[in-house]
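The file protein-v5.txt comes next; it holds compact mmCIF, C-alpha atoms.
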```
# COMPACT_ATOMS: atom_id res chain seq x y z
CA MET V 1 -62.61 41.68 97.38
CA LYS V 2 -63.93 44.95 96.06
CA ILE V 3 -66.79 47.37 96.52
CA MET V 4 -67.75 50.48 94.56
CA VAL V 5 -69.36 53.68 95.85
CA LEU V 6 -71.44 55.60 93.30
CA GLY V 7 -73.47 58.77 93.76
CA VAL V 8 -76.90 59.79 92.58
CA THR V 9 -75.33 63.19 91.83
CA SER V 10 -71.98 64.88 92.00
CA GLY V 11 -71.21 65.93 95.57
CA ALA V 12 -73.43 63.25 97.16
CA GLY V 13 -70.66 62.33 99.58
CA LYS V 14 -69.23 59.28 97.84
CA THR V 15 -65.62 60.46 98.35
CA THR V 16 -66.06 60.66 102.11
CA ILE V 17 -67.99 57.39 102.32
CA ALA V 18 -65.33 55.64 100.23
CA ALA V 19 -62.68 57.01 102.60
CA MET V 20 -64.67 55.73 105.59
CA LEU V 21 -64.82 52.28 104.04
CA CYS V 22 -61.08 52.41 103.32
CA ARG V 23 -60.47 53.21 106.97
CA HIS V 24 -62.88 50.55 108.18
CA PHE V 25 -61.26 47.74 106.21
CA ALA V 26 -57.73 48.95 107.01
CA ARG V 27 -58.57 48.80 110.72
CA GLN V 28 -59.40 45.13 110.21
CA GLY V 29 -55.83 44.51 109.13
CA LEU V 30 -56.62 44.22 105.43
CA ARG V 31 -54.42 45.69 102.72
CA VAL V 32 -56.77 48.26 101.21
CA SER V 33 -56.44 50.53 98.17
CA PRO V 34 -58.68 53.27 96.80
CA PHE V 35 -59.38 53.50 93.09
CA LYS V 36 -61.05 56.19 91.02
CA ALA V 37 -60.72 55.63 87.29
CA GLN V 38 -61.32 59.25 86.38
CA ASN V 39 -61.40 62.36 88.53
CA LEU V 40 -62.43 65.87 87.51
CA SER V 41 -60.65 68.33 89.77
CA LEU V 42 -58.25 71.25 89.80
CA ASN V 43 -57.19 70.38 93.33
CA SER V 44 -54.55 67.71 92.82
CA TYR V 45 -51.77 65.99 94.74
CA VAL V 46 -48.24 65.21 93.60
CA THR V 47 -47.03 61.78 94.68
CA SER V 48 -43.58 61.06 96.06
CA THR V 49 -42.49 59.98 92.58
CA GLY V 50 -43.81 63.13 90.92
CA GLU V 51 -47.15 62.00 89.44
CA GLU V 52 -50.29 64.09 89.75
CA ILE V 53 -53.57 62.57 90.98
CA GLY V 54 -56.83 63.86 92.41
CA ILE V 55 -56.51 65.11 95.99
CA SER V 56 -59.29 62.81 97.19
CA GLN V 57 -57.38 59.69 96.20
CA ALA V 58 -54.38 60.90 98.19
CA TYR V 59 -56.60 61.30 101.25
CA GLN V 60 -58.19 57.90 100.67
CA ALA V 61 -54.75 56.32 100.35
CA TRP V 62 -53.79 57.78 103.73
CA ALA V 63 -57.03 56.35 105.13
CA CYS V 64 -55.74 52.94 103.98
CA GLY V 65 -52.36 53.55 105.59
CA ARG V 66 -50.73 53.68 102.17
CA GLU V 67 -48.79 56.18 100.13
CA PRO V 68 -50.68 57.73 97.19
CA HIS V 69 -49.79 56.28 93.78
CA TRP V 70 -50.85 57.29 90.28
CA SER V 71 -52.53 53.90 89.70
CA MET V 72 -55.17 54.86 92.29
CA ASN V 73 -56.37 57.60 89.90
CA PRO V 74 -55.04 56.90 86.39
CA VAL V 75 -57.04 59.65 84.66
CA LEU V 76 -57.28 63.19 86.03
CA LEU V 77 -59.19 65.88 84.11
CA LYS V 78 -58.28 69.50 84.87
CA PRO V 79 -60.68 72.08 83.41
CA HIS V 80 -59.23 75.28 81.98
CA GLY V 81 -60.71 77.92 79.74
CA GLU V 82 -64.09 77.53 78.10
CA ARG V 83 -65.07 73.88 77.53
CA ARG V 84 -61.48 72.67 77.57
CA MET V 85 -59.65 70.25 79.85
CA GLN V 86 -56.16 68.96 80.33
CA VAL V 87 -55.98 65.16 80.47
CA VAL V 88 -53.46 63.83 82.97
CA LEU V 89 -52.77 60.15 82.30
CA LYS V 90 -50.80 58.01 84.75
CA GLY V 91 -49.90 61.18 86.61
CA ARG V 92 -48.43 63.01 83.59
CA PRO V 93 -50.00 65.58 81.23
CA MET V 94 -51.20 63.85 78.07
CA MET V 95 -53.21 66.31 75.99
CA ASP V 96 -55.85 69.02 75.99
CA VAL V 97 -59.36 68.14 74.88
CA GLY V 98 -62.29 70.29 73.86
CA PRO V 99 -65.07 70.67 71.28
CA ASP V 100 -62.57 70.31 68.45
CA ARG V 101 -60.55 67.51 70.04
CA PRO V 102 -62.54 64.71 71.69
CA MET V 103 -61.43 62.52 74.54
CA PRO V 104 -59.53 59.39 73.40
CA ARG V 105 -61.89 57.07 75.31
CA GLU V 106 -60.49 53.74 74.22
CA ALA V 107 -56.91 54.69 75.06
CA LEU V 108 -57.98 55.97 78.46
CA LEU V 109 -60.12 52.91 79.11
CA ASP V 110 -57.19 50.63 78.33
CA ALA V 111 -55.00 52.56 80.79
CA VAL V 112 -57.75 52.38 83.43
CA LYS V 113 -58.02 48.59 83.08
CA LYS V 114 -54.27 48.13 83.50
CA ALA V 115 -54.13 50.51 86.47
CA TYR V 116 -56.95 48.66 88.21
CA LEU V 117 -55.19 45.34 87.76
CA THR V 118 -52.06 46.87 89.32
CA VAL V 119 -54.01 48.14 92.33
CA ALA V 120 -56.06 44.96 92.76
CA GLY V 121 -52.96 42.78 92.56
CA ASP V 122 -51.49 44.56 95.55
CA SER V 123 -54.62 44.63 97.73
CA ASP V 124 -56.92 42.42 99.77
CA ILE V 125 -59.77 44.79 98.94
CA VAL V 126 -60.21 47.73 96.59
CA VAL V 127 -62.68 50.51 97.43
CA LEU V 128 -63.68 52.05 94.11
CA GLU V 129 -65.32 55.44 93.72
CA GLY V 130 -67.32 56.69 90.76
CA SER V 131 -67.31 60.15 89.24
CA GLY V 132 -70.31 62.45 89.04
CA GLY V 133 -73.69 60.73 88.90
CA ALA V 134 -74.14 57.01 88.28
CA ALA V 135 -76.96 57.42 85.77
CA GLU V 136 -75.89 60.25 83.45
CA ILE V 137 -77.68 58.70 80.48
CA ASN V 138 -76.26 61.28 78.07
CA LEU V 139 -72.74 60.09 78.93
CA PHE V 140 -73.12 56.29 78.97
CA ASP V 141 -71.25 55.97 75.67
CA ARG V 142 -68.34 58.07 76.99
CA ASP V 143 -68.16 57.11 80.65
CA ILE V 144 -65.17 55.21 82.00
CA ALA V 145 -65.61 55.82 85.73
CA ASN V 146 -69.00 54.55 86.88
CA MET V 147 -70.91 51.42 85.88
CA VAL V 148 -68.41 50.71 83.10
CA MET V 149 -65.74 50.55 85.80
CA ALA V 150 -67.97 48.36 87.96
CA ASP V 151 -68.12 45.92 85.04
CA ILE V 152 -64.35 45.99 84.58
CA ALA V 153 -63.77 45.25 88.26
CA ASP V 154 -66.84 43.00 88.56
CA ALA V 155 -67.65 45.10 91.62
CA PRO V 156 -70.87 45.33 93.65
CA VAL V 157 -72.16 48.88 93.99
CA VAL V 158 -73.42 50.99 96.89
CA LEU V 159 -75.47 53.97 95.68
CA VAL V 160 -75.36 57.19 97.75
CA GLY V 161 -77.99 59.93 97.83
CA ASP V 162 -77.69 63.34 99.52
CA ILE V 163 -80.85 64.11 101.50
CA ASP V 164 -79.56 67.57 102.47
CA ARG V 165 -80.40 68.75 98.96
CA GLY V 166 -83.90 67.23 99.06
CA GLY V 167 -85.59 64.63 96.88
CA VAL V 168 -83.37 61.77 97.99
CA PHE V 169 -85.94 59.01 97.44
CA ALA V 170 -86.74 60.25 93.94
CA GLY V 171 -83.03 60.59 93.27
CA LEU V 172 -82.13 57.08 94.43
CA TYR V 173 -85.09 55.47 92.67
CA GLY V 174 -84.60 57.50 89.50
CA ALA V 175 -80.89 56.77 89.26
CA PHE V 176 -81.54 53.08 89.86
CA MET V 177 -84.28 52.85 87.24
CA LEU V 178 -82.31 54.79 84.60
CA LEU V 179 -79.61 52.14 84.70
CA PRO V 180 -79.95 49.28 82.19
CA PRO V 181 -81.20 46.08 83.90
CA GLU V 182 -77.78 44.43 83.81
CA TRP V 183 -76.31 47.39 85.71
CA ARG V 184 -79.18 47.58 88.18
CA GLY V 185 -78.19 44.08 89.28
CA ARG V 186 -74.86 45.44 90.49
CA VAL V 187 -76.52 47.83 92.98
CA LYS V 188 -76.52 45.95 96.29
CA ALA V 189 -77.32 48.72 98.80
CA PHE V 190 -78.37 52.35 99.19
CA ILE V 191 -76.99 54.90 101.63
CA ILE V 192 -78.83 58.09 102.55
CA ASN V 193 -76.26 60.76 103.40
CA ARG V 194 -76.24 64.10 105.27
CA PHE V 195 -79.52 63.74 107.20
CA ARG V 196 -80.41 66.31 109.87
CA GLY V 197 -82.87 65.04 112.44
CA ASP V 198 -84.47 61.82 113.63
CA PRO V 199 -83.87 59.06 111.04
CA SER V 200 -86.96 57.17 112.20
CA ILE V 201 -89.13 59.58 110.17
CA LEU V 202 -87.57 58.13 107.02
CA GLY V 203 -88.73 54.60 107.84
CA ALA V 204 -91.78 54.48 105.57
CA GLY V 205 -89.84 55.97 102.67
CA ILE V 206 -86.97 53.52 103.08
CA GLU V 207 -89.36 50.57 103.23
CA LYS V 208 -91.08 51.71 100.03
CA LEU V 209 -87.74 52.24 98.25
CA GLU V 210 -86.58 48.76 99.28
CA GLU V 211 -89.89 47.30 98.09
CA LEU V 212 -89.70 49.04 94.70
CA THR V 213 -86.06 48.18 94.00
CA GLY V 214 -85.39 45.01 95.98
CA VAL V 215 -82.25 46.72 97.30
CA PRO V 216 -81.63 47.22 101.06
CA CYS V 217 -80.71 50.49 102.72
CA ALA V 218 -77.33 50.18 104.46
CA GLY V 219 -77.84 53.23 106.63
CA VAL V 220 -78.72 56.88 107.12
CA LEU V 221 -75.66 59.00 107.84
CA PRO V 222 -75.98 62.32 109.67
CA LEU V 223 -74.50 65.52 108.26
CA TYR V 224 -70.84 65.52 109.30
CA ARG V 225 -68.20 68.21 108.88
CA LEU V 226 -65.14 66.41 107.60
CA ARG V 227 -62.06 68.60 107.44
CA THR V 228 -60.87 68.24 103.86
CA PRO V 229 -59.98 70.71 101.10
CA ALA V 230 -62.56 71.47 98.41
CA GLU V 231 -62.23 69.16 95.43
CA ASP V 232 -64.44 71.12 93.02
CA SER V 233 -66.90 74.01 92.86
CA LEU V 234 -69.69 71.95 94.47
CA ASP V 235 -67.70 71.94 97.71
CA LEU V 236 -67.14 75.68 97.87
CA GLY V 237 -70.57 76.40 99.34
CA ARG V 238 -70.16 73.86 102.14
CA ASP V 239 -68.47 74.44 105.47
CA ARG V 240 -65.80 71.74 105.31
CA GLY V 241 -64.13 72.77 108.55
CA ALA V 242 -60.77 74.39 109.03
CA VAL V 243 -57.52 72.46 109.21
CA ASP V 244 -55.54 73.66 112.22
CA ASP V 245 -52.13 73.52 110.58
CA MET V 246 -51.69 73.08 106.85
CA ALA V 247 -48.25 71.58 107.48
CA ASP V 248 -50.02 68.86 109.42
CA VAL V 249 -52.87 68.31 106.95
CA LYS V 250 -52.43 64.54 106.79
CA GLN V 251 -52.64 64.13 110.58
CA ALA V 252 -55.59 66.52 110.79
CA TRP V 253 -57.39 64.53 108.11
CA MET V 254 -56.74 61.22 109.83
CA ARG V 255 -57.99 62.50 113.19
CA SER V 256 -61.13 63.84 111.55
CA LEU V 257 -61.72 60.64 109.57
CA ASP V 258 -61.23 58.42 112.62
CA GLN V 259 -63.82 60.48 114.50
CA LEU V 260 -66.20 60.21 111.57
CA HIS V 261 -65.68 56.46 111.26
CA GLU V 262 -66.37 55.94 114.97
CA ALA V 263 -69.56 57.99 114.71
CA SER V 264 -70.68 56.11 111.59
CA LEU V 265 -70.61 52.75 113.37
CA GLU V 266 -73.96 53.67 114.92
CA HIS V 267 -75.58 54.58 111.60
CA LEU V 268 -74.08 52.37 108.89
CA ASP V 269 -74.60 48.62 108.61
CA TYR V 270 -70.96 47.64 108.15
CA SER V 271 -71.81 43.95 108.36
CA LEU V 272 -73.93 44.34 105.22
CA ILE V 273 -71.15 46.32 103.51
CA GLU V 274 -68.61 43.64 104.43
CA ARG V 275 -70.83 40.85 103.09
CA ILE V 276 -71.39 42.73 99.84
CA ALA V 277 -67.65 43.25 99.41
CA ARG V 278 -66.87 39.63 100.27
CA GLU V 279 -69.62 37.92 98.26
CA GLY V 280 -70.37 40.52 95.60
CA ARG V 281 -74.03 40.33 96.54
```
In structure tokens, write the structure found in this file.
Amino acid sequence: MKIMVLGVTSGAGKTTIAAMLCRHFARQGLRVSPFKAQNLSLNSYVTSTGEEIGISQAYQAWACGREPHWSMNPVLLKPHGERRMQVVLKGRPMMDVGPDRPMPREALLDAVKKAYLTVAGDSDIVVLEGSGGAAEINLFDRDIANMVMADIADAPVVLVGDIDRGGVFAGLYGAFMLLPPEWRGRVKAFIINRFRGDPSILGAGIEKLEELTGVPCAGVLPLYRLRTPAEDSLDLGRDRGAVDDMADVKQAWMRSLDQLHEASLEHLDYSLIERIAREGR
């Protein structure tokens, strides 16, 4: 089984929702693994065997009750200087890229495919997470982390929009419609994230979105404060909550995630999510 969480934009909350799904399936006794083909972050984590991965995949691995491994995030991009990035492949520095040295897409894509097979072969279910926005049409020919990855894994997709920023219906509909038809067919549910207020006022909008797209809404999640470190600059303006003891960051994260998962049971249609993961539709 597998399911992929994509965002309308960067910072839509897909990392947290993917972690919640990891925790949900792990609590059912399944062997769960997170997977993010490519992460863009300066905040990284060093595994027990010395490989460097994005911090969010380490947290998601803990949500699954597993130790972080480089195969959960085979490509990590670390920005430095003007328009330059270090490429970390399989947890080890590979090269710097920039305007004069393009990304070796095919080599990275090959490594991503092999890493996914490693993760999937050791899991009952893989919870995949995209990177950035799902419908960055200027990047379709370079992307390895979003719908291209959904094709590789043959994964159904849940698309997440952040209502706290406004324009969530336009964002969800626009992202959906910008995808080529064959990719639209992979989108099996929407989630509206970070809502403040009475979700019943969204009813007419949700009904219209479902009518226009033929895709159901799996839930409206309230704005939660999950205690995690900032992954990139988009997180710096948000109150992410303080961790009581940095030496106990893993336990603090798990307590916070368990509370969030319990609260989400009221707002997220997990039966729909489970059916999508099981049937791919």
Next item on the list: Go through V:Leu40, V:Ala150, V:Leu260, V:Ile201 one by one, measure the shortest atom-to-atom distance of each to Gly11 of chain V using all atoms listed in the file, and give the residue with the smallest value.
Entry: V:Leu40
Notebook entry, point to check: Distance atom CA of Glu129 of chain V-atom CA of Ala145 of chain V, one decimal place?
Noted result: 8.0 Å
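Using only C-alpha atoms, the smallest distance between any of V:Ile144, V:Leu179, V:Ala120, V:Leu42 and Val75 of chain V comes from V:Ile144.
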Next item on the list: Identify which of the residues V:Ala135, V:Ile53, V:Val126, V:Ala37 lies closest to Leu178 of chain V, counting only C-alpha atoms when measuring atom-to-atom distances.
Entry: V:Ala135
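Interatomic distance, atom CA of Met20 of chain V to atom CA of His261 of chain V: 5.8 Å.
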Margin query: Let me make sure I understand: among V:Gln259, V:Gln28, V:Ser33, V:Ser131, which one has the smallest atom-to-atom distance to Trp62 of chain V if we use only C-alpha atoms?
Written below: V:Ser33
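Here atom CA of Ala61 of chain V stands at a distance of 28.7 Å from atom CA of Gly185 of chain V.
Protein and nucleic acid residues near (-63.2, 71.2, 68.6) are Glu82, Arg83, Arg84, Met85, Asp96, Val97, Gly98, Pro99, Asp100, Arg101, Pro102 and Met103 of chain V, the criterion being any atom at most 12 Å away using all atoms listed in the file.
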Notebook entry, point to check: For Asp122 of chain V, which residue among V:Glu207, V:Asn39, V:Asn146, V:His69 is the nearest when counting only C-alpha atoms?
Noted result: V:His69
Margin query: Given all atoms listed in the file as the basis, pick out the residue of V:Pro222, V:Pro156, V:Gly174, V:Pro74 nearest to Lys188 of chain V.
Written below: V:Pro156
Check: Can you tell me, as a ChimeraX atom specification, what residues are no more than 10 Å from segment 14-19 of chain V when counting only C-alpha atoms, ignoring any on the same chain fewer than 6 positions away?
Finding: /V:3-8,34-36,56-57,59-64,127-132,158-162,191,193,221,224,226,228,231,257,260-261,264
